[in-house]
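> Handing over query.txt, compact mmCIF, C-alpha atoms.
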# COMPACT_ATOMS: atom_id res chain seq x y z
CA MET I 34 231.81 183.61 241.42
CA LEU I 35 228.53 183.42 243.34
CA SER I 36 229.58 184.75 246.74
CA LEU I 37 232.51 186.44 248.41
CA ALA I 38 233.87 185.93 251.92
CA LEU I 39 234.82 189.11 253.81
CA GLY I 40 236.28 187.83 257.05
CA PRO I 41 233.41 186.17 258.94
CA PHE I 42 230.83 187.62 256.56
CA VAL I 43 229.77 186.12 253.25
CA LEU I 44 227.83 188.15 250.70
CA ALA I 45 226.28 187.06 247.43
CA VAL I 46 227.73 188.87 244.43
CA GLY I 47 224.27 190.27 243.65
CA HIS I 48 224.10 191.89 247.09
CA LEU I 49 227.54 193.41 246.63
CA LEU I 50 226.50 194.89 243.30
CA LEU I 51 223.35 196.32 244.90
CA ILE I 52 225.47 198.04 247.55
CA GLY I 53 227.78 199.23 244.78
CA ALA I 54 224.85 200.77 242.90
CA LEU I 55 223.78 202.69 246.01
CA ALA I 56 227.35 203.88 246.64
CA LEU I 57 227.75 205.03 243.02
CA ALA I 58 224.40 206.85 243.04
CA THR I 59 225.36 208.63 246.26
CA LEU I 60 228.79 209.63 244.94
CA VAL I 61 227.51 210.89 241.59
CA GLY I 62 224.70 212.82 243.29
CA TRP I 63 227.14 214.44 245.70
CA ILE I 64 229.54 215.44 242.90
CA ALA I 65 226.70 216.81 240.74
CA GLY I 66 225.21 218.81 243.62
CA ARG I 67 228.47 220.13 245.09
CA ARG I 68 228.66 223.09 242.73
CA HIS I 69 225.18 224.23 243.78
CA GLY I 70 225.63 223.49 247.45
CA VAL I 71 223.13 220.63 247.62
CA ASN I 72 223.54 216.98 248.52
CA PRO I 73 220.86 214.43 247.54
CA GLU I 74 222.33 211.70 249.77
CA ARG I 75 219.30 211.45 252.10
CA ALA I 76 216.86 211.43 249.17
CA ILE I 77 218.83 208.72 247.35
CA PHE I 78 219.01 206.53 250.44
CA GLY I 79 215.29 207.04 251.09
CA LEU I 80 214.47 206.05 247.51
CA PHE I 81 216.70 202.99 247.84
CA ILE I 82 214.85 201.83 250.97
CA ALA I 83 211.46 202.56 249.36
CA GLY I 84 212.46 200.56 246.29
CA LEU I 85 213.48 197.58 248.44
CA MET I 86 210.20 197.73 250.36
CA ILE I 87 208.12 197.82 247.18
CA SER I 88 210.18 194.99 245.69
CA ARG I 89 209.57 192.89 248.80
CA LEU I 90 205.87 193.74 248.97
CA SER I 91 205.45 192.83 245.30
CA PHE I 92 207.11 189.48 245.87
CA VAL I 93 204.92 188.74 248.90
CA ILE I 94 201.78 189.58 246.93
CA ALA I 95 202.89 187.41 244.00
CA TYR I 96 203.63 184.45 246.32
CA TRP I 97 201.09 185.12 249.05
CA SER I 98 199.99 181.48 249.10
CA GLN I 99 203.47 180.60 250.40
CA TYR I 100 203.32 183.16 253.20
CA GLN I 101 199.73 183.05 254.42
CA ARG I 102 200.30 180.09 256.77
CA HIS I 103 203.36 181.76 258.33
CA PRO I 104 202.90 185.52 257.80
CA LEU I 105 205.85 186.48 260.02
CA ASN I 106 208.11 185.04 257.31
CA ILE I 107 207.24 188.14 255.30
CA PHE I 108 209.77 190.04 257.41
CA ASP I 109 212.53 187.47 256.95
CA ILE I 110 214.21 188.99 253.92
CA ARG I 111 217.06 186.46 254.08
CA ASP I 112 215.07 184.35 251.60
CA GLY I 113 215.95 186.84 248.86
CA GLY I 114 212.32 187.33 247.88
CA PHE I 115 212.29 190.57 245.89
CA LEU I 116 210.82 191.46 242.51
CA VAL I 117 213.11 193.99 240.87
CA TRP I 118 210.96 195.91 238.41
CA PRO I 119 208.24 197.13 240.80
CA GLY I 120 211.03 198.51 243.00
CA VAL I 121 212.70 200.23 240.05
CA LEU I 122 209.37 201.78 239.05
CA ALA I 123 208.86 203.03 242.62
CA ILE I 124 212.33 204.64 242.56
CA LEU I 125 211.60 206.39 239.26
CA ILE I 126 208.27 207.71 240.51
CA GLY I 127 209.88 208.85 243.76
CA THR I 128 212.69 210.58 241.88
CA ALA I 129 210.19 212.44 239.70
CA TYR I 130 208.28 213.54 242.81
CA TRP I 131 211.41 214.78 244.60
CA GLY I 132 212.54 216.61 241.48
CA TRP I 133 209.14 218.26 241.07
CA THR I 134 208.80 219.39 244.68
CA ARG I 135 212.45 220.31 245.29
CA PRO I 136 213.91 221.89 242.13
CA PRO I 137 217.40 222.52 243.61
CA LEU I 138 217.85 218.75 243.97
CA ARG I 139 216.51 217.92 240.54
CA LYS I 140 219.76 217.66 238.58
CA SER I 141 221.96 216.03 241.22
CA LEU I 142 219.26 213.59 242.31
CA GLY I 143 218.43 212.65 238.73
CA MET I 144 222.06 212.06 237.83
CA GLY I 145 222.68 210.02 240.97
CA VAL I 146 219.64 207.79 240.54
CA ALA I 147 220.29 207.35 236.82
CA SER I 148 223.89 206.28 237.41
CA GLY I 149 222.87 203.80 240.13
CA LEU I 150 220.12 202.24 238.03
CA LEU I 151 222.38 202.06 234.98
CA PHE I 152 225.11 200.36 237.01
CA GLY I 153 222.57 197.88 238.41
CA TRP I 154 221.16 197.12 234.97
CA LEU I 155 224.54 196.67 233.27
CA THR I 156 225.96 194.45 236.02
CA GLY I 157 222.71 192.45 236.10
CA VAL I 158 222.93 191.87 232.36
CA GLY I 159 226.57 190.82 232.76
CA LEU I 160 225.77 188.35 235.54
CA ASN I 161 222.89 186.87 233.57
CA ALA I 162 225.14 186.50 230.53
CA LEU I 163 227.77 184.67 232.59
CA GLN I 164 225.12 182.40 234.09
CA ALA I 165 223.57 181.67 230.71
CA ASN I 166 226.94 180.41 229.46
CA ALA I 167 227.66 178.25 232.52
CA PRO I 168 226.98 174.57 231.76
CA LEU I 169 226.33 171.87 234.32
CA PRO I 170 229.79 171.02 235.72
CA ASP I 171 231.41 167.83 234.50
CA LEU I 172 232.12 166.32 237.94
CA THR I 173 232.00 162.84 239.42
CA LEU I 174 230.38 162.42 242.85
CA ARG I 175 229.37 159.51 245.09
CA ASN I 176 225.99 158.36 246.36
CA ALA I 177 225.30 156.89 249.81
CA ALA I 178 226.29 153.42 248.58
CA GLY I 179 229.67 154.71 247.39
CA GLU I 180 228.75 154.37 243.71
CA THR I 181 230.03 156.84 241.14
CA VAL I 182 227.52 159.39 239.84
CA HIS I 183 228.26 161.73 236.93
CA LEU I 184 226.63 165.11 237.39
CA ARG I 185 226.17 165.60 233.65
CA ASP I 186 223.99 162.48 233.53
CA PHE I 187 221.19 164.68 234.90
CA GLN I 188 221.36 167.09 231.97
CA GLY I 189 218.17 167.32 229.91
CA GLN I 190 215.80 167.94 232.81
CA ALA I 191 214.92 170.81 235.11
CA LEU I 192 217.43 170.49 237.92
CA VAL I 193 217.91 171.95 241.41
CA VAL I 194 221.36 171.45 242.92
CA ASN I 195 221.65 172.23 246.63
CA LEU I 196 225.06 172.45 248.34
CA TRP I 197 224.72 171.85 252.05
CA ALA I 198 226.10 170.32 255.25
CA THR I 199 224.55 169.09 258.49
CA TRP I 200 226.60 171.55 260.60
CA CYS I 201 225.12 174.53 258.71
CA PRO I 202 222.05 175.97 260.57
CA PRO I 203 220.36 177.56 257.50
CA CYS I 204 220.94 174.30 255.59
CA ARG I 205 219.16 172.39 258.34
CA ARG I 206 216.24 174.86 258.38
CA GLU I 207 215.66 174.67 254.63
CA MET I 208 215.70 170.86 254.40
CA PRO I 209 211.92 170.52 255.05
CA VAL I 210 211.28 173.12 252.32
CA LEU I 211 213.38 171.14 249.85
CA GLN I 212 211.73 167.87 250.89
CA ALA I 213 208.25 169.30 250.31
CA ALA I 214 209.28 170.71 246.93
CA GLN I 215 210.88 167.42 245.90
CA GLN I 216 207.66 165.57 246.68
CA ALA I 217 205.46 168.16 244.94
CA ASN I 218 207.46 168.58 241.70
CA ALA I 219 207.92 165.26 239.97
CA ASN I 220 209.05 167.09 236.81
CA VAL I 221 212.08 168.58 238.58
CA THR I 222 215.13 166.65 239.80
CA PHE I 223 216.55 167.75 243.15
CA LEU I 224 220.16 166.88 243.96
CA LEU I 225 221.22 167.37 247.58
CA ILE I 226 225.00 167.47 247.41
CA ASN I 227 226.59 167.25 250.83
CA GLN I 228 229.89 169.04 251.29
CA GLY I 229 232.63 167.19 253.12
CA GLU I 230 230.66 164.75 255.30
CA THR I 231 230.13 161.01 255.31
CA PRO I 232 226.97 159.06 254.40
CA ASP I 233 226.70 157.88 258.02
CA GLU I 234 226.66 161.46 259.32
CA VAL I 235 223.96 162.43 256.86
CA ALA I 236 221.87 159.31 257.55
CA THR I 237 222.01 160.03 261.29
CA PHE I 238 220.95 163.64 260.71
CA PHE I 239 218.01 162.60 258.48
CA ALA I 240 216.88 160.01 261.02
CA HIS I 241 216.92 162.50 263.89
CA GLN I 242 215.05 165.11 261.84
CA GLY I 243 212.54 162.71 260.28
CA LEU I 244 213.61 163.69 256.76
CA HIS I 245 213.20 161.56 253.64
CA LEU I 246 215.08 163.08 250.71
CA ASP I 247 216.07 161.42 247.46
CA ASN I 248 219.16 161.98 245.31
CA VAL I 249 221.60 162.74 248.12
CA LEU I 250 225.15 162.85 246.77
CA PHE I 251 228.51 163.39 248.45
CA ASP I 252 231.25 165.82 247.49
CA ALA I 253 233.99 164.98 249.99
CA LYS I 254 236.42 167.70 248.87
CA GLY I 255 233.91 170.45 248.05
CA ARG I 256 234.87 170.47 244.39
CA LEU I 257 231.45 171.62 243.19
CA ALA I 258 231.44 174.65 245.51
CA GLU I 259 234.92 175.54 244.30
CA HIS I 260 233.91 175.05 240.67
CA VAL I 261 230.91 177.41 240.84
CA GLY I 262 232.64 179.95 243.10
CA SER I 263 230.50 179.53 246.20
CA ALA I 264 231.99 180.65 249.52
CA ALA I 265 228.87 179.95 251.58
CA LEU I 266 226.42 177.23 252.49
CA PRO I 267 223.71 176.69 251.59
CA THR I 268 224.02 177.54 247.92
CA THR I 269 221.37 176.43 245.44
CA LEU I 270 221.82 176.26 241.67
CA PHE I 271 218.93 176.07 239.20
CA TYR I 272 219.50 174.52 235.77
CA GLY I 273 217.12 174.41 232.85
CA PRO I 274 216.58 171.31 230.69
CA ASP I 275 219.35 172.56 228.37
CA GLY I 276 221.87 172.07 231.18
CA ARG I 277 222.54 175.80 231.47
CA LEU I 278 222.49 177.71 234.74
CA SER I 279 219.23 179.64 235.08
CA GLY I 280 219.70 181.17 238.53
CA THR I 281 221.37 180.88 241.91
CA HIS I 282 220.48 181.47 245.53
CA THR I 283 222.94 182.02 248.36
CA GLY I 284 221.54 181.38 251.82
CA GLU I 285 218.39 179.81 253.19
CA LEU I 286 215.50 179.16 250.81
CA SER I 287 211.92 179.78 251.83
CA SER I 288 209.04 178.00 250.12
CA ALA I 289 208.27 181.27 248.30
CA SER I 290 211.80 181.93 247.02
CA LEU I 291 212.11 178.29 245.97
CA LYS I 292 208.81 178.41 244.08
CA HIS I 293 209.89 181.60 242.34
CA ALA I 294 213.11 179.93 241.19
CA LEU I 295 211.28 176.77 240.11
CA ASP I 296 208.92 178.87 238.00
CA THR I 297 211.91 180.05 235.95
CA ILE I 298 213.15 176.55 235.10
CA ILE I 299 209.78 174.82 234.72
CA ASP I 300 208.46 177.64 232.53
CA PRO I 301 211.51 179.31 230.96
CA THR I 302 209.46 182.12 229.35
CA PRO I 303 211.31 185.38 230.09
CA SER I 304 209.71 187.50 232.77
CA VAL I 305 210.17 191.14 233.75
CA SER I 306 210.01 190.14 237.41
CA ARG I 307 213.29 188.65 238.53
CA SER I 308 214.43 187.90 242.05
CA ILE I 309 217.43 189.57 243.67
CA PRO I 310 219.98 186.81 244.53
So that I can check it, write out the structure of this file as structure tokens.


Amino acid sequence: MLSLALGPFVLAVGHLLLIGALALATLVGWIAGRRHGVNPERAIFGLFIAGLMISRLSFVIAYWSQYQRHPLNIFDIRDGGFLVWPGVLAILIGTAYWGWTRPPLRKSLGMGVASGLLFGWLTGVGLNALQANAPLPDLTLRNAAGETVHLRDFQGQALVVNLWATWCPPCRREMPVLQAAQQANANVTFLLINQGETPDEVATFFAHQGLHLDNVLFDAKGRLAEHVGSAALPTTLFYGPDGRLSGTHTGELSSASLKHALDTIIDPTPSVSRSIP
């Protein structure tokens, strides 16, 4: 499962786990401090916000070339552009500072932060393990001419699979980003898999928007979204040349978040800087 629908709201599983880590840290800190009459809730929340800010700033610095032409996009965190480890380091440094300057909070704050970080690490490892074992789905789709296309025929190359629809505003906004990336990365195959619409509808949309995208496929019944557990559009899947899922992104892609994801499938060398989904 990549995302979960809660009424009108859809959240990526990674975001839910992040909220869960904060809730667990707050609960453990409150329980640990109750006996001594202290509550580290405000400190934990402040460290959480500081960690997010440092994670975002680190991402912006790493991909500044993608933001310098449109610097206001720095504040649009919907692109999921965060580098985890700088944020974790900031939280650890902040926790040490709070513990040094406010000894009564030391134990409860330390236990709360440790439990939250441990939960985040364990669930992150679990998600990565599930993704690493997820092969490219064995599905049959159609191209604009109505011809059958087997998804597994694209195995053996770096692959970006985007699930989208013309009625989806964030899908429409990210189309130029995907078009530019498709033109700039000849060593990566981009598949734009439309969900539930006809080739005529898509052709009309492309004509009105002045878009020229290759490898547009059609999934009339939304089988791919159901197969990968996506409850939201757009959803983008990144596969390495081995046909295994390398990463996912729920929501609109920016040029920076797309480049970050492409770096992981073009150069699969493990990195300590991973993006929050």

> Closest to Gly262 (chain I) among I:Val158, I:Ile52, I:Leu196, I:Leu57, using all atoms listed in the file?

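Smallest distance to Gly262 (chain I) is found for I:Leu196.
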
> Taking 2 positions as the minimum chain separation for residues in the same chain, which residues sit within 10 Å of Leu278 (chain I) when counting only C-alpha atoms? Answer as a list in words.

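Residues meeting the cut-off are Asn161, Leu163, Gln164, Ala165, Asn166, Ala167, Pro168, Leu169, Pro170, Leu192, Val193, Leu270, Phe271, Tyr272, Gly273, Pro274, Asp275, Gly276, Gly280, Thr281 and Ile298 of chain I.
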
> Scan for residues within 10 Å of the point (214.3, 201.4, 237.9) in the coordinates of the file, using all atoms listed in the file, and reply as number ranges by chain.

I: 84, 117-126, 146-147, 149-151, 153-154

> In the coordinates of the file, take the point (223.1, 215.7, 234.7) and a cut-off of 12 Å; then, counting only C-alpha atoms, name each qualifying protein, DNA or RNA residue as a list in words.

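Checked against the point, the hits come out as Val61, Gly62, Trp63, Ile64, Ala65, Gly66, Leu138, Arg139, Lys140, Ser141, Leu142, Gly143, Met144, Gly145, Val146, Ala147 and Ser148 of chain I.
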
> Please determine, counting all atoms listed in the file, which residue among I:Ile110, I:Leu174, I:Ile82, I:Val194 has the shortest atom-to-atom distance to Arg256 (chain I).

I:Leu174

> What's the separation between CA of Trp97 (chain I) and CA of Leu291 (chain I), in Å to one decimal place?

13.3 Å

> With all atoms listed in the file as the basis for distance, which of I:Arg111, I:His48, I:Arg185, I:Arg67 is at the shortest distance from Asp171 (chain I)?

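With all atoms listed in the file as the atom set, the closest residue is I:Arg185.
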
> If you count all atoms listed in the file, which residues fall within 7 Å of Phe251 (chain I), apart from same-chain ones fewer than 4 positions away, as a list in words?

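Listed by chain and then number, they are Leu174, Arg175, Asn176, Ile226, Asn227 and Gln228 of chain I.
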
> What are the closest atom pairs, with distances in Å to one decimal, for all residues of region 231-268 of chain I lying within 9 Å of region 206-209 of chain I? Consider only C-alpha atoms, order rows by chain and residue number, and present the result as a Markdown table.


| residue | atom | partner | partner_atom | distance |
| --- | --- | --- | --- | --- |
| I:Leu244 | CA | I:Pro209 | CA | 7.2 |
| I:Leu246 | CA | I:Met208 | CA | 8.6 |
| I:Pro267 | CA | I:Glu207 | CA | 8.8 |

> With all atoms listed in the file as the basis for distance, which of I:Ile94, I:Ala219, I:Leu160, I:Ala129 is at the shortest distance from Ala191 (chain I)?

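Answer, going by the shortest atom-to-atom distance: I:Ala219.
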
> For each of I:Ala294, I:Leu80, I:Ala45, I:Ala54, take the minimum atom-to-atom distance to Thr268 (chain I), counting all atoms listed in the file, then give the residue where this is smallest.

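Ranked by minimum distance to Thr268 (chain I), first place goes to I:Ala45.
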
> Given only C-alpha atoms as the basis, pick out the residue of I:Val249, I:Leu116, I:Ile77, I:Val210 nearest to His293 (chain I).

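Among the listed residues, the smallest separation from His293 (chain I) belongs to I:Leu116.
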
> For Phe92 (chain I), find every residue with an atom within 12 Å (counting only C-alpha atoms), except residues of its own chain fewer than 4 positions away, and show them as a PyMOL selection string.

chain I and resi 85-88+96-100+107-108+110+112-120+289-290+292-293+306-309

> Please save C-alpha atoms of the selected residues as a PDB file, in the coordinates of the input.


ATOM      1  CA  LEU I  85     213.480 197.580 248.440  1.00  0.00           C
ATOM      2  CA  MET I  86     210.200 197.730 250.360  1.00  0.00           C
ATOM      3  CA  ILE I  87     208.120 197.820 247.180  1.00  0.00           C
ATOM      4  CA  SER I  88     210.180 194.990 245.690  1.00  0.00           C
ATOM      5  CA  TYR I  96     203.630 184.450 246.320  1.00  0.00           C
ATOM      6  CA  TRP I  97     201.090 185.120 249.050  1.00  0.00           C
ATOM      7  CA  SER I  98     199.990 181.480 249.100  1.00  0.00           C
ATOM      8  CA  GLN I  99     203.470 180.600 250.400  1.00  0.00           C
ATOM      9  CA  TYR I 100     203.320 183.160 253.200  1.00  0.00           C
ATOM     10  CA  ILE I 107     207.240 188.140 255.300  1.00  0.00           C
ATOM     11  CA  PHE I 108     209.770 190.040 257.410  1.00  0.00           C
ATOM     12  CA  ILE I 110     214.210 188.990 253.920  1.00  0.00           C
ATOM     13  CA  ASP I 112     215.070 184.350 251.600  1.00  0.00           C
ATOM     14  CA  GLY I 113     215.950 186.840 248.860  1.00  0.00           C
ATOM     15  CA  GLY I 114     212.320 187.330 247.880  1.00  0.00           C
ATOM     16  CA  PHE I 115     212.290 190.570 245.890  1.00  0.00           C
ATOM     17  CA  LEU I 116     210.820 191.460 242.510  1.00  0.00           C
ATOM     18  CA  VAL I 117     213.110 193.990 240.870  1.00  0.00           C
ATOM     19  CA  TRP I 118     210.960 195.910 238.410  1.00  0.00           C
ATOM     20  CA  PRO I 119     208.240 197.130 240.800  1.00  0.00           C
ATOM     21  CA  GLY I 120     211.030 198.510 243.000  1.00  0.00           C
ATOM     22  CA  ALA I 289     208.270 181.270 248.300  1.00  0.00           C
ATOM     23  CA  SER I 290     211.800 181.930 247.020  1.00  0.00           C
ATOM     24  CA  LYS I 292     208.810 178.410 244.080  1.00  0.00           C
ATOM     25  CA  HIS I 293     209.890 181.600 242.340  1.00  0.00           C
ATOM     26  CA  SER I 306     210.010 190.140 237.410  1.00  0.00           C
ATOM     27  CA  ARG I 307     213.290 188.650 238.530  1.00  0.00           C
ATOM     28  CA  SER I 308     214.430 187.900 242.050  1.00  0.00           C
ATOM     29  CA  ILE I 309     217.430 189.570 243.670  1.00  0.00           C
TER      30      ILE I 309
END
